[in-house]
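Novice: Provided herewith: start24.cif, mmCIF, C-alpha atoms.
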```
data_my_file
loop_
_atom_site.group_PDB
_atom_site.id
_atom_site.type_symbol
_atom_site.label_atom_id
_atom_site.label_comp_id
_atom_site.auth_asym_id
_atom_site.auth_seq_id
_atom_site.Cartn_x
_atom_site.Cartn_y
_atom_site.Cartn_z
ATOM 1 C CA MET J 1 20.284 -23.037 -55.187
ATOM 2 C CA ASN J 2 21.851 -24.237 -51.949
ATOM 3 C CA ILE J 3 24.448 -21.733 -50.743
ATOM 4 C CA SER J 4 25.480 -21.540 -47.100
ATOM 5 C CA LEU J 5 26.462 -18.527 -45.010
ATOM 6 C CA ARG J 6 29.765 -20.295 -44.268
ATOM 7 C CA GLN J 7 30.568 -20.525 -47.997
ATOM 8 C CA LEU J 8 29.928 -16.808 -48.466
ATOM 9 C CA ARG J 9 32.135 -15.909 -45.519
ATOM 10 C CA VAL J 10 34.929 -18.099 -46.855
ATOM 11 C CA PHE J 11 34.552 -16.531 -50.307
ATOM 12 C CA LEU J 12 34.750 -13.017 -48.855
ATOM 13 C CA ALA J 13 37.886 -13.890 -46.858
ATOM 14 C CA VAL J 14 39.639 -15.305 -49.920
ATOM 15 C CA ALA J 15 38.611 -12.322 -52.053
ATOM 16 C CA ARG J 16 39.951 -9.860 -49.509
ATOM 17 C CA GLN J 17 43.150 -11.773 -48.673
ATOM 18 C CA GLN J 18 43.713 -12.959 -52.292
ATOM 19 C CA HIS J 19 45.374 -15.967 -50.760
ATOM 20 C CA PHE J 20 43.945 -19.315 -49.635
ATOM 21 C CA ARG J 21 46.372 -19.881 -46.761
ATOM 22 C CA ARG J 22 45.924 -16.392 -45.271
ATOM 23 C CA ALA J 23 42.161 -16.696 -45.657
ATOM 24 C CA ALA J 24 42.243 -20.065 -43.899
ATOM 25 C CA GLU J 25 44.249 -18.606 -41.012
ATOM 26 C CA SER J 26 41.852 -15.661 -40.609
ATOM 27 C CA LEU J 27 38.892 -18.062 -40.461
ATOM 28 C CA HIS J 28 40.656 -20.650 -38.261
ATOM 29 C CA LEU J 29 40.047 -23.305 -40.930
ATOM 30 C CA SER J 30 42.368 -25.626 -42.784
ATOM 31 C CA GLN J 31 43.444 -24.631 -46.308
ATOM 32 C CA PRO J 32 41.783 -27.733 -47.844
ATOM 33 C CA ALA J 33 38.496 -26.776 -46.116
ATOM 34 C CA VAL J 34 38.679 -23.284 -47.627
ATOM 35 C CA SER J 35 39.396 -24.705 -51.077
ATOM 36 C CA ARG J 36 36.464 -27.097 -50.727
ATOM 37 C CA HIS J 37 34.039 -24.299 -49.746
ATOM 38 C CA ILE J 38 35.110 -22.195 -52.741
ATOM 39 C CA ALA J 39 34.787 -25.148 -55.114
ATOM 40 C CA GLU J 40 31.293 -25.945 -53.806
ATOM 41 C CA LEU J 41 30.226 -22.292 -54.144
ATOM 42 C CA GLU J 42 31.538 -22.061 -57.727
ATOM 43 C CA SER J 43 29.768 -25.322 -58.564
ATOM 44 C CA GLU J 44 26.483 -24.100 -57.082
ATOM 45 C CA LEU J 45 26.677 -20.776 -58.974
ATOM 46 C CA GLY J 46 28.017 -22.312 -62.155
ATOM 47 C CA LEU J 47 30.643 -19.561 -62.260
ATOM 48 C CA LYS J 48 34.383 -19.256 -61.856
ATOM 49 C CA LEU J 49 34.996 -16.791 -59.018
ATOM 50 C CA PHE J 50 38.825 -16.737 -58.878
ATOM 51 C CA ASP J 51 41.770 -16.891 -61.249
ATOM 52 C CA ARG J 52 44.502 -18.833 -59.453
ATOM 53 C CA ASN J 53 48.245 -18.952 -59.916
ATOM 54 C CA THR J 54 51.134 -19.985 -57.677
ATOM 55 C CA ARG J 55 51.473 -16.590 -55.991
ATOM 56 C CA GLU J 56 47.954 -15.157 -55.655
ATOM 57 C CA VAL J 57 44.261 -15.650 -56.109
ATOM 58 C CA VAL J 58 42.527 -12.894 -58.093
ATOM 59 C CA PRO J 59 38.726 -12.530 -58.241
ATOM 60 C CA THR J 60 37.185 -12.783 -61.695
ATOM 61 C CA GLU J 61 34.723 -10.139 -62.867
ATOM 62 C CA ALA J 62 31.891 -12.203 -61.380
ATOM 63 C CA GLY J 63 33.970 -12.639 -58.205
ATOM 64 C CA ARG J 64 34.549 -8.894 -57.899
ATOM 65 C CA TYR J 65 30.828 -8.189 -58.258
ATOM 66 C CA LEU J 66 29.951 -10.850 -55.704
ATOM 67 C CA GLU J 67 32.591 -9.524 -53.302
ATOM 68 C CA SER J 68 31.143 -6.014 -53.477
ATOM 69 C CA ALA J 69 27.549 -7.139 -52.991
ATOM 70 C CA ILE J 70 28.200 -9.834 -50.381
ATOM 71 C CA GLY J 71 30.466 -7.549 -48.345
ATOM 72 C CA ARG J 72 27.627 -5.122 -47.696
ATOM 73 C CA VAL J 73 25.096 -7.856 -47.028
ATOM 74 C CA LEU J 74 27.319 -9.744 -44.589
ATOM 75 C CA ASP J 75 28.256 -6.560 -42.745
ATOM 76 C CA GLU J 76 24.554 -5.772 -42.278
ATOM 77 C CA LEU J 77 23.843 -9.359 -41.260
ATOM 78 C CA GLU J 78 26.618 -9.311 -38.671
ATOM 79 C CA GLY J 79 25.094 -6.155 -37.220
ATOM 80 C CA VAL J 80 21.630 -7.744 -37.071
ATOM 81 C CA LEU J 81 22.951 -10.894 -35.418
ATOM 82 C CA ALA J 82 24.982 -8.865 -32.909
ATOM 83 C CA HIS J 83 21.839 -6.877 -32.024
ATOM 84 C CA VAL J 84 19.798 -10.054 -31.582
ATOM 85 C CA HIS J 85 22.534 -11.532 -29.394
ATOM 86 C CA SER J 86 22.664 -8.336 -27.337
ATOM 87 C CA GLU J 87 18.889 -8.420 -26.835
ATOM 88 C CA SER J 88 19.132 -12.039 -25.760
ATOM 89 C CA GLU J 89 21.873 -11.242 -23.253
ATOM 90 C CA ARG J 90 19.750 -8.442 -21.813
ATOM 91 C CA ARG J 91 17.167 -11.071 -20.860
ATOM 92 C CA ARG J 92 19.644 -13.450 -19.207
ATOM 93 C CA GLY J 93 20.827 -13.144 -15.616
ATOM 94 C CA LYS J 94 19.513 -12.388 -12.131
ATOM 95 C CA VAL J 95 17.722 -9.347 -10.727
ATOM 96 C CA HIS J 96 17.487 -8.724 -6.986
ATOM 97 C CA VAL J 97 14.329 -6.989 -5.752
ATOM 98 C CA ALA J 98 13.631 -6.004 -2.140
ATOM 99 C CA SER J 99 9.963 -5.801 -1.207
ATOM 100 C CA VAL J 100 7.894 -5.270 1.927
ATOM 101 C CA PRO J 101 5.917 -8.382 2.945
ATOM 102 C CA THR J 102 2.448 -7.226 1.848
ATOM 103 C CA LEU J 103 3.787 -6.421 -1.624
ATOM 104 C CA SER J 104 5.926 -9.567 -1.724
ATOM 105 C CA ALA J 105 2.693 -11.539 -1.317
ATOM 106 C CA GLY J 106 0.364 -9.254 -3.270
ATOM 107 C CA LEU J 107 2.399 -8.311 -6.370
ATOM 108 C CA MET J 108 5.697 -10.140 -6.673
ATOM 109 C CA PRO J 109 4.452 -13.717 -7.291
ATOM 110 C CA GLN J 110 2.556 -12.594 -10.407
ATOM 111 C CA CYS J 111 5.518 -10.509 -11.560
ATOM 112 C CA ILE J 112 8.000 -13.363 -11.124
ATOM 113 C CA ALA J 113 5.689 -15.829 -12.882
ATOM 114 C CA GLY J 114 5.014 -13.415 -15.753
ATOM 115 C CA CYS J 115 8.714 -12.704 -16.302
ATOM 116 C CA ALA J 116 9.487 -16.432 -16.179
ATOM 117 C CA ARG J 117 7.032 -17.032 -19.008
ATOM 118 C CA ARG J 118 8.312 -14.177 -21.176
ATOM 119 C CA PHE J 119 12.025 -14.383 -20.352
ATOM 120 C CA PRO J 120 12.946 -17.938 -19.289
ATOM 121 C CA ASP J 121 16.627 -17.010 -18.801
ATOM 122 C CA LEU J 122 15.845 -14.130 -16.436
ATOM 123 C CA ALA J 123 15.825 -15.014 -12.716
ATOM 124 C CA ILE J 124 14.319 -12.752 -10.056
ATOM 125 C CA GLN J 125 15.589 -13.077 -6.487
ATOM 126 C CA LEU J 126 13.036 -11.647 -4.053
ATOM 127 C CA HIS J 127 14.242 -10.176 -0.761
ATOM 128 C CA ASP J 128 11.131 -10.209 1.460
ATOM 129 C CA GLN J 129 11.920 -7.588 4.096
ATOM 130 C CA ALA J 130 10.462 -5.026 6.466
ATOM 131 C CA GLN J 131 10.270 -1.485 5.100
ATOM 132 C CA THR J 132 13.361 -0.269 6.946
ATOM 133 C CA MET J 133 15.394 -3.178 5.580
ATOM 134 C CA VAL J 134 14.123 -2.572 2.029
ATOM 135 C CA LEU J 135 15.373 1.002 2.220
ATOM 136 C CA ASP J 136 18.720 -0.168 3.629
ATOM 137 C CA SER J 137 19.094 -2.793 0.878
ATOM 138 C CA VAL J 138 18.447 -0.248 -1.880
ATOM 139 C CA ARG J 139 20.647 2.361 -0.210
ATOM 140 C CA GLY J 140 23.519 -0.117 0.145
ATOM 141 C CA GLY J 141 23.261 -1.452 -3.404
ATOM 142 C CA GLU J 142 22.461 -4.987 -2.232
ATOM 143 C CA VAL J 143 19.462 -5.104 -4.595
ATOM 144 C CA ASP J 144 18.730 -3.606 -7.996
ATOM 145 C CA PHE J 145 15.645 -1.775 -6.747
ATOM 146 C CA GLY J 146 12.951 -1.899 -4.111
ATOM 147 C CA LEU J 147 9.200 -2.025 -3.735
ATOM 148 C CA ALA J 148 8.068 -0.044 -0.706
ATOM 149 C CA ILE J 149 5.441 2.184 0.898
ATOM 150 C CA GLU J 150 6.053 5.902 0.198
ATOM 151 C CA PRO J 151 9.323 6.359 2.099
ATOM 152 C CA PRO J 152 10.119 9.741 3.662
ATOM 153 C CA ASP J 153 11.749 12.107 1.173
ATOM 154 C CA THR J 154 15.378 12.034 2.296
ATOM 155 C CA GLY J 155 16.830 12.740 -1.141
ATOM 156 C CA GLU J 156 18.477 9.307 -1.255
ATOM 157 C CA PHE J 157 16.088 7.638 -3.694
ATOM 158 C CA ASP J 158 14.445 8.073 -7.046
ATOM 159 C CA THR J 159 10.863 6.857 -6.752
ATOM 160 C CA GLU J 160 8.016 6.153 -9.146
ATOM 161 C CA LEU J 161 4.412 5.722 -8.020
ATOM 162 C CA LEU J 162 3.216 2.211 -8.827
ATOM 163 C CA LEU J 163 -0.319 2.221 -7.405
ATOM 164 C CA ARG J 164 -2.518 3.488 -4.580
ATOM 165 C CA ASP J 165 -3.605 0.794 -2.146
ATOM 166 C CA PRO J 166 -6.643 1.645 0.068
ATOM 167 C CA PHE J 167 -6.873 0.677 3.727
ATOM 168 C CA MET J 168 -9.600 -1.760 4.812
ATOM 169 C CA LEU J 169 -11.156 -2.757 8.108
ATOM 170 C CA VAL J 170 -10.672 -6.448 8.930
ATOM 171 C CA CYS J 171 -12.861 -8.101 11.560
ATOM 172 C CA ARG J 172 -14.691 -11.298 12.389
ATOM 173 C CA PRO J 173 -18.052 -11.921 10.672
ATOM 174 C CA ASP J 174 -19.829 -11.710 14.059
ATOM 175 C CA HIS J 175 -18.392 -8.261 14.855
ATOM 176 C CA PRO J 176 -20.990 -5.434 14.792
ATOM 177 C CA LEU J 177 -18.962 -3.492 12.171
ATOM 178 C CA ALA J 178 -19.156 -6.481 9.786
ATOM 179 C CA SER J 179 -22.814 -5.634 9.121
ATOM 180 C CA LEU J 180 -21.821 -2.331 7.453
ATOM 181 C CA ASP J 181 -21.001 -2.120 3.740
ATOM 182 C CA ARG J 182 -18.601 0.716 4.483
ATOM 183 C CA VAL J 183 -17.137 1.632 7.839
ATOM 184 C CA PRO J 184 -16.426 5.279 8.778
ATOM 185 C CA TRP J 185 -13.009 5.755 10.367
ATOM 186 C CA ARG J 186 -14.677 7.323 13.416
ATOM 187 C CA LYS J 187 -16.239 3.930 14.207
ATOM 188 C CA LEU J 188 -12.769 2.702 15.157
ATOM 189 C CA GLN J 189 -12.747 5.004 18.196
ATOM 190 C CA GLY J 190 -12.738 2.854 21.326
ATOM 191 C CA GLN J 191 -12.203 -0.405 19.446
ATOM 192 C CA PRO J 192 -9.300 -2.714 20.397
ATOM 193 C CA LEU J 193 -6.933 -2.549 17.441
ATOM 194 C CA ILE J 194 -4.336 -5.007 16.192
ATOM 195 C CA LEU J 195 -1.969 -3.077 13.919
ATOM 196 C CA LEU J 196 1.283 -3.618 12.089
ATOM 197 C CA ASP J 197 4.318 -2.411 14.020
ATOM 198 C CA TYR J 198 6.638 0.450 13.029
ATOM 199 C CA SER J 199 8.886 -1.737 10.887
ATOM 200 C CA SER J 200 6.031 -1.575 8.394
ATOM 201 C CA GLY J 201 5.690 1.321 5.983
ATOM 202 C CA SER J 202 1.914 1.311 6.542
ATOM 203 C CA ARG J 203 1.871 1.937 10.302
ATOM 204 C CA ARG J 204 3.148 5.503 10.033
ATOM 205 C CA LEU J 205 0.402 6.280 7.516
ATOM 206 C CA ILE J 206 -2.340 4.687 9.638
ATOM 207 C CA ASP J 207 -1.238 6.736 12.651
ATOM 208 C CA GLN J 208 -1.378 9.875 10.502
ATOM 209 C CA VAL J 209 -4.975 9.072 9.507
ATOM 210 C CA PHE J 210 -5.969 8.623 13.151
ATOM 211 C CA ALA J 211 -4.330 11.932 14.063
ATOM 212 C CA ARG J 212 -6.031 13.833 11.207
ATOM 213 C CA ARG J 213 -9.418 12.457 12.173
ATOM 214 C CA GLY J 214 -9.035 13.009 15.900
ATOM 215 C CA ILE J 215 -9.180 9.301 16.725
ATOM 216 C CA GLU J 216 -7.306 8.041 19.773
ATOM 217 C CA PRO J 217 -6.486 4.430 18.858
ATOM 218 C CA ILE J 218 -6.492 1.680 21.439
ATOM 219 C CA VAL J 219 -3.703 -0.570 20.150
ATOM 220 C CA VAL J 220 -3.780 -3.883 22.004
ATOM 221 C CA GLN J 221 -1.273 -5.749 19.808
ATOM 222 C CA GLN J 222 1.371 -4.853 17.227
ATOM 223 C CA THR J 223 2.666 -7.424 14.764
ATOM 224 C CA GLY J 224 5.339 -7.599 12.088
ATOM 225 C CA HIS J 225 3.103 -9.264 9.499
ATOM 226 C CA THR J 226 -0.558 -9.049 8.510
ATOM 227 C CA HIS J 227 -0.914 -12.847 8.738
ATOM 228 C CA THR J 228 -0.182 -12.671 12.481
ATOM 229 C CA ALA J 229 -2.601 -9.770 12.881
ATOM 230 C CA PHE J 230 -5.326 -11.753 11.111
ATOM 231 C CA ARG J 231 -4.846 -14.751 13.400
ATOM 232 C CA MET J 232 -5.257 -12.471 16.401
ATOM 233 C CA VAL J 233 -8.441 -11.041 14.900
ATOM 234 C CA GLU J 234 -9.709 -14.598 14.387
ATOM 235 C CA ALA J 235 -9.029 -15.241 18.093
ATOM 236 C CA GLY J 236 -11.287 -12.310 19.011
ATOM 237 C CA LEU J 237 -8.534 -10.060 20.360
ATOM 238 C CA GLY J 238 -9.637 -7.045 18.321
ATOM 239 C CA ILE J 239 -10.033 -5.666 14.794
ATOM 240 C CA SER J 240 -7.373 -4.582 12.325
ATOM 241 C CA VAL J 241 -6.635 -2.044 9.594
ATOM 242 C CA SER J 242 -5.001 -3.659 6.580
ATOM 243 C CA PRO J 243 -4.081 -2.625 3.023
ATOM 244 C CA ALA J 244 -6.298 -4.067 0.293
ATOM 245 C CA LEU J 245 -3.280 -5.813 -1.279
ATOM 246 C CA SER J 246 -3.126 -8.004 1.809
ATOM 247 C CA PRO J 247 -6.631 -9.536 1.943
ATOM 248 C CA PRO J 248 -7.697 -11.519 5.022
ATOM 249 C CA PRO J 249 -8.477 -15.247 5.000
ATOM 250 C CA PRO J 250 -12.072 -16.420 4.286
ATOM 251 C CA THR J 251 -12.743 -16.708 8.020
ATOM 252 C CA LEU J 252 -12.647 -12.889 8.300
ATOM 253 C CA VAL J 253 -14.358 -10.045 6.461
ATOM 254 C CA ALA J 254 -12.893 -6.865 4.982
ATOM 255 C CA ARG J 255 -14.853 -3.614 4.706
ATOM 256 C CA PRO J 256 -13.819 -0.361 2.972
ATOM 257 C CA LEU J 257 -13.001 2.472 5.383
ATOM 258 C CA THR J 258 -14.527 5.854 4.554
ATOM 259 C CA PRO J 259 -13.489 8.421 3.577
ATOM 260 C CA GLN J 260 -10.995 6.352 1.608
ATOM 261 C CA GLU J 261 -7.395 6.575 2.772
ATOM 262 C CA HIS J 262 -4.608 4.831 0.945
ATOM 263 C CA ARG J 263 -0.920 4.116 0.923
ATOM 264 C CA ASP J 264 1.263 4.887 -2.090
ATOM 265 C CA VAL J 265 3.179 1.865 -3.343
ATOM 266 C CA VAL J 266 6.392 2.993 -5.023
ATOM 267 C CA LEU J 267 9.298 1.570 -6.951
ATOM 268 C CA LEU J 268 12.559 3.028 -5.714
ATOM 269 C CA LYS J 269 16.216 2.950 -6.646
ATOM 270 C CA ARG J 270 19.292 4.838 -5.555
ATOM 271 C CA ARG J 271 19.258 8.479 -6.591
ATOM 272 C CA GLN J 272 20.699 9.109 -10.063
ATOM 273 C CA ARG J 273 21.674 5.469 -10.560
ATOM 274 C CA SER J 274 20.572 3.828 -13.814
ATOM 275 C CA LEU J 275 18.926 0.430 -13.744
ATOM 276 C CA SER J 276 20.626 -2.393 -15.567
ATOM 277 C CA PRO J 277 18.760 -3.569 -18.681
ATOM 278 C CA LEU J 278 17.628 -6.678 -16.791
ATOM 279 C CA ALA J 279 16.371 -4.700 -13.810
ATOM 280 C CA ALA J 280 14.550 -2.317 -16.163
ATOM 281 C CA VAL J 281 12.673 -5.303 -17.606
ATOM 282 C CA VAL J 282 11.374 -6.273 -14.150
ATOM 283 C CA TRP J 283 10.635 -2.638 -13.229
ATOM 284 C CA GLU J 284 8.479 -2.263 -16.364
ATOM 285 C CA ALA J 285 6.810 -5.636 -15.724
ATOM 286 C CA LEU J 286 5.692 -4.435 -12.289
ATOM 287 C CA LYS J 287 4.315 -1.226 -13.808
ATOM 288 C CA GLY J 288 2.357 -3.232 -16.344
ATOM 289 C CA LEU J 289 1.016 -5.521 -13.636
ATOM 290 C CA ALA J 290 -0.088 -2.578 -11.490
ATOM 291 C CA ALA J 291 -1.816 -0.911 -14.460
ATOM 292 C CA ARG J 292 -3.985 -3.994 -14.923
ATOM 293 C CA ARG J 293 -5.194 -4.127 -11.337
#
```
Please go through the file and, once you have read it, give me the structure as structure tokens.
Specialist:
Amino acid sequence: MNISLRQLRVFLAVARQQHFRRAAESLHLSQPAVSRHIAELESELGLKLFDRNTREVVPTEAGRYLESAIGRVLDELEGVLAHVHSESERRRGKVHVASVPTLSAGLMPQCIAGCARRFPDLAIQLHDQAQTMVLDSVRGGEVDFGLAIEPPDTGEFDTELLLRDPFMLVCRPDHPLASLDRVPWRKLQGQPLILLDYSSGSRRLIDQVFARRGIEPIVVQQTGHTHTAFRMVEAGLGISVSPALSPPPPTLVARPLTPQEHRDVVLLKRRQRSLSPLAAVVWEALKGLAARR
């Protein structure tokens, strides 16, 4: 039996309108097309579905039964198709995410690639920014949400902990500290340090660690990006403290600092503002990625 969804919809329209012309108008079809669909359906079923006269079209007993059954089925089908379409639309569009540079390099490429594989119609626009600019972008609504380093609690944001990222010592292989498997923080006393500047969310935390441990840092250079800091370390200008998510190049070595100190990586959005369905997809993708690390 070869019956199409279009034939059933035409049948239902004729049964409800009891008129071919009105049914054709409601379906945006020509009257001959409606008549043809009904004739094909009756031929396929081997049943007469309508009694016709010059003024009206009345369903037969078989037509009335089919109208009752098909009406429910088509209503349910329309609901299913509308839901599928809605789900598809949720996965189509663009999401703007602001992220600090170390997280832009350490997390976002995998997130963007993973979302591209799962949701080809979803585009993620990354805004690679310093911490202060990430907070401004989220605060001003320029992005859907941000990825940052535990911002101060000002009451402006809703945050969710994504992961804890430990700090590492980065130095040249010929530096005396490179021979240690783990480097106590106190060993940094008196060492020339190349640190991220205060536009970074990590610098405030590193300074707090030094203060808690009674270390007076000798900061010889401050940079806006870990890549610049690493090049200075390569040049022999000093050593650096870097988050594990921003590993150094093969020319340098990284050693865990003990006791372990870390930075909290958080997802943040404007306080009491709901994420769009698209943004929620990316938010959850980042959580899944972090859980697998």
Novice: Could you name the residues that touch Ser179 in chain J at 12 Å or less, counting all atoms listed in the file, but leaving out those on the same chain fewer than 4 positions away, as a short mmCIF file (atom, residue, chain, number, x, y, z; two decimals) with C-alpha atoms, keeping the file's coordinate frame?
Specialist:
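Heads up, here's the output in result.cif:
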```cif
data_model
loop_
_atom_site.label_atom_id
_atom_site.label_comp_id
_atom_site.auth_asym_id
_atom_site.auth_seq_id
_atom_site.Cartn_x
_atom_site.Cartn_y
_atom_site.Cartn_z
CA CYS J 171 -12.86 -8.10 11.56
CA ARG J 172 -14.69 -11.30 12.39
CA PRO J 173 -18.05 -11.92 10.67
CA ASP J 174 -19.83 -11.71 14.06
CA HIS J 175 -18.39 -8.26 14.86
CA VAL J 183 -17.14 1.63 7.84
CA VAL J 253 -14.36 -10.04 6.46
CA ALA J 254 -12.89 -6.86 4.98
CA ARG J 255 -14.85 -3.61 4.71
#
```
Novice: Given the file shown, determine the residues that the PyMOL selection byres ((chain J and resi 191) around 8) selects; report them as a list in words.
Specialist: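 For this structure, the PyMOL selection byres ((chain J and resi 191) around 8) captures Lys187, Leu188, Gln189, Gly190, Pro192, Leu193, Pro217, Ile218, Gly238 and Ile239 of chain J.
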Novice: Between J:Arg293, J:Arg139, J:Arg64, J:Arg36, which is the closest to Ala15 in chain J once you count all atoms listed in the file?
Specialist: J:Arg64
Novice: Expand the PyMOL selection byres ((chain J and resi 12) around 9) into the explicit residue set it covers here, and present it as a short mmCIF file (atom, residue, chain, number, x, y, z; two decimals) with C-alpha atoms, in the coordinates of the input.
Specialist:
```cif
data_model
loop_
_atom_site.label_atom_id
_atom_site.label_comp_id
_atom_site.auth_asym_id
_atom_site.auth_seq_id
_atom_site.Cartn_x
_atom_site.Cartn_y
_atom_site.Cartn_z
CA GLN J 7 30.57 -20.52 -48.00
CA LEU J 8 29.93 -16.81 -48.47
CA ARG J 9 32.14 -15.91 -45.52
CA VAL J 10 34.93 -18.10 -46.86
CA PHE J 11 34.55 -16.53 -50.31
CA ALA J 13 37.89 -13.89 -46.86
CA VAL J 14 39.64 -15.30 -49.92
CA ALA J 15 38.61 -12.32 -52.05
CA ARG J 16 39.95 -9.86 -49.51
CA GLN J 17 43.15 -11.77 -48.67
CA ALA J 23 42.16 -16.70 -45.66
CA LEU J 66 29.95 -10.85 -55.70
CA GLU J 67 32.59 -9.52 -53.30
CA ILE J 70 28.20 -9.83 -50.38
CA GLY J 71 30.47 -7.55 -48.34
#
```
Novice: Can you give me, as an MDAnalysis selection string, the residues this file yields under the PyMOL selection byres ((chain J and resi 184) around 12)?
Specialist: chainID J and resid 167:169 177 180:183 185:189 210 213 215 255:261
Novice: Which one of J:Gly63, J:Pro32, J:Gly93, J:Pro151 sits closest to Leu135 in chain J if you count all atoms listed in the file?
Specialist: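 Ranked by minimum distance to Leu135 in chain J, first place goes to J:Pro151.
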Novice: By how many Å are CA of Gly141 in chain J and CA of Leu275 in chain J apart?
Specialist: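 Between CA of Gly141 in chain J and CA of Leu275 in chain J the gap is 11.4 Å.
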Novice: Give me the residues near Gly224 in chain J as a ChimeraX atom specification, where near means some atom within 12 Å (using all atoms listed in the file) and where sequence neighbours in that chain fewer than 5 positions away do not count.
Specialist: /J:100-102,129-131,194-203,229-230
Novice: Could you turn the residues from that selection into a file that holds C-alpha atoms, as a CSV table (one decimal), in the frame of the given file?
Specialist:
```
chain,number,residue,atom,x,y,z
J,100,VAL,CA,7.9,-5.3,1.9
J,101,PRO,CA,5.9,-8.4,2.9
J,102,THR,CA,2.4,-7.2,1.8
J,129,GLN,CA,11.9,-7.6,4.1
J,130,ALA,CA,10.5,-5.0,6.5
J,131,GLN,CA,10.3,-1.5,5.1
J,194,ILE,CA,-4.3,-5.0,16.2
J,195,LEU,CA,-2.0,-3.1,13.9
J,196,LEU,CA,1.3,-3.6,12.1
J,197,ASP,CA,4.3,-2.4,14.0
J,198,TYR,CA,6.6,0.4,13.0
J,199,SER,CA,8.9,-1.7,10.9
J,200,SER,CA,6.0,-1.6,8.4
J,201,GLY,CA,5.7,1.3,6.0
J,202,SER,CA,1.9,1.3,6.5
J,203,ARG,CA,1.9,1.9,10.3
J,229,ALA,CA,-2.6,-9.8,12.9
J,230,PHE,CA,-5.3,-11.8,11.1
```
Novice: For Met108 in chain J, which residue among J:Leu245, J:Ala280, J:Met232, J:Ala69 is the nearest when counting all atoms listed in the file?
Specialist: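 Between J:Leu245, J:Ala280, J:Met232, J:Ala69, the residue approaching Met108 in chain J most closely is J:Leu245.
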Novice: Quick one: residues within 12 Å of Ser43 in chain J, only C-alpha atoms counted, chain neighbours fewer than 5 positions away excluded, as a ChimeraX atom specification?
Specialist: /J:1-3,7,36-38,48-49
Novice: Hey, which of J:Leu126, J:Ala291, J:Leu268, J:Ile206 ends up closest to Glu150 in chain J? Count only C-alpha atoms.
Specialist: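 Of J:Leu126, J:Ala291, J:Leu268, J:Ile206, the one nearest Glu150 in chain J is J:Leu268, counting only C-alpha atoms.
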Novice: Near Arg271 in chain J, counting all atoms listed in the file, which residues have an atom at most 10 Å away, once you skip same-chain residues fewer than 3 positions from it, shown as a list in words?
Specialist: Val138, Arg139, Gly155, Glu156, Phe157, Asp158, Thr159, Leu268 and Ser274 of chain J
Novice: With all atoms listed in the file as the atoms that count, which of J:Leu103, J:Pro59, J:Arg292, J:Val209 lies nearest to His225 in chain J?
Specialist: J:Leu103
Novice: Restricting the calculation to all atoms listed in the file, which member of J:Ala113, J:Val266, J:Leu161, J:Leu122 is positioned closest to Val134 in chain J?
Specialist: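 When distances to Val134 in chain J are compared using all atoms listed in the file, the smallest one comes from J:Val266.
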Novice: Identify, on the basis of only C-alpha atoms, every residue whose closest approach to Ile124 in chain J does not exceed 12 Å; exclude the query and any residue fewer than 3 positions from it along the same chain; express the result as a PyMOL selection string.
Specialist: chain J and resi 91-98+108-116+119-121+127+143-145+278-279+281-283+285
Novice: What separation in Å, quoted to one decimal, exists between CA of Ala244 in chain J and CA of Pro166 in chain J?
Specialist: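 Atom-to-atom, CA of Ala244 in chain J and CA of Pro166 in chain J are spaced 5.7 Å apart.
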Novice: Quote the spacing between CA of Ala148 in chain J and CA of Arg118 in chain J in Å to one decimal place.
Specialist: 24.9 Å
Novice: Would you compute, for all listed atoms of range 160-169 of chain J, the axis-aligned bounding box grown by 6 Å on each side, and then report its centre and edge lengths in Å rounded to one decimal, as AutoDock Vina command-line options?
Specialist:
```
--center_x -1.6 --center_y 1.7 --center_z -0.5 --size_x 31.2 --size_y 20.9 --size_z 29.3
```
Novice: Could you rebuild range 279-287 of chain J with N, CA and C atoms and give me the result as a short mmCIF file (atom, residue, chain, number, x, y, z; two decimals), in the coordinates of the input?
Specialist:
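Below is the file selection_17.cif, written as the result:
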```cif
data_model
loop_
_atom_site.label_atom_id
_atom_site.label_comp_id
_atom_site.auth_asym_id
_atom_site.auth_seq_id
_atom_site.Cartn_x
_atom_site.Cartn_y
_atom_site.Cartn_z
N ALA J 279 17.20 -5.28 -14.86
CA ALA J 279 16.37 -4.70 -13.81
C ALA J 279 15.26 -3.84 -14.41
N ALA J 280 15.56 -3.15 -15.50
CA ALA J 280 14.55 -2.32 -16.16
C ALA J 280 13.41 -3.17 -16.69
N VAL J 281 13.72 -4.39 -17.15
CA VAL J 281 12.67 -5.30 -17.61
C VAL J 281 11.70 -5.62 -16.48
N VAL J 282 12.22 -5.92 -15.29
CA VAL J 282 11.37 -6.27 -14.15
C VAL J 282 10.61 -5.04 -13.66
N TRP J 283 11.28 -3.91 -13.62
CA TRP J 283 10.64 -2.64 -13.23
C TRP J 283 9.41 -2.38 -14.11
N GLU J 284 9.58 -2.50 -15.43
CA GLU J 284 8.48 -2.26 -16.36
C GLU J 284 7.40 -3.33 -16.23
N ALA J 285 7.79 -4.57 -15.93
CA ALA J 285 6.81 -5.64 -15.72
C ALA J 285 5.91 -5.33 -14.53
N LEU J 286 6.49 -4.81 -13.46
CA LEU J 286 5.69 -4.43 -12.29
C LEU J 286 4.73 -3.29 -12.62
N LYS J 287 5.19 -2.33 -13.40
CA LYS J 287 4.32 -1.23 -13.81
C LYS J 287 3.13 -1.74 -14.64
#
```
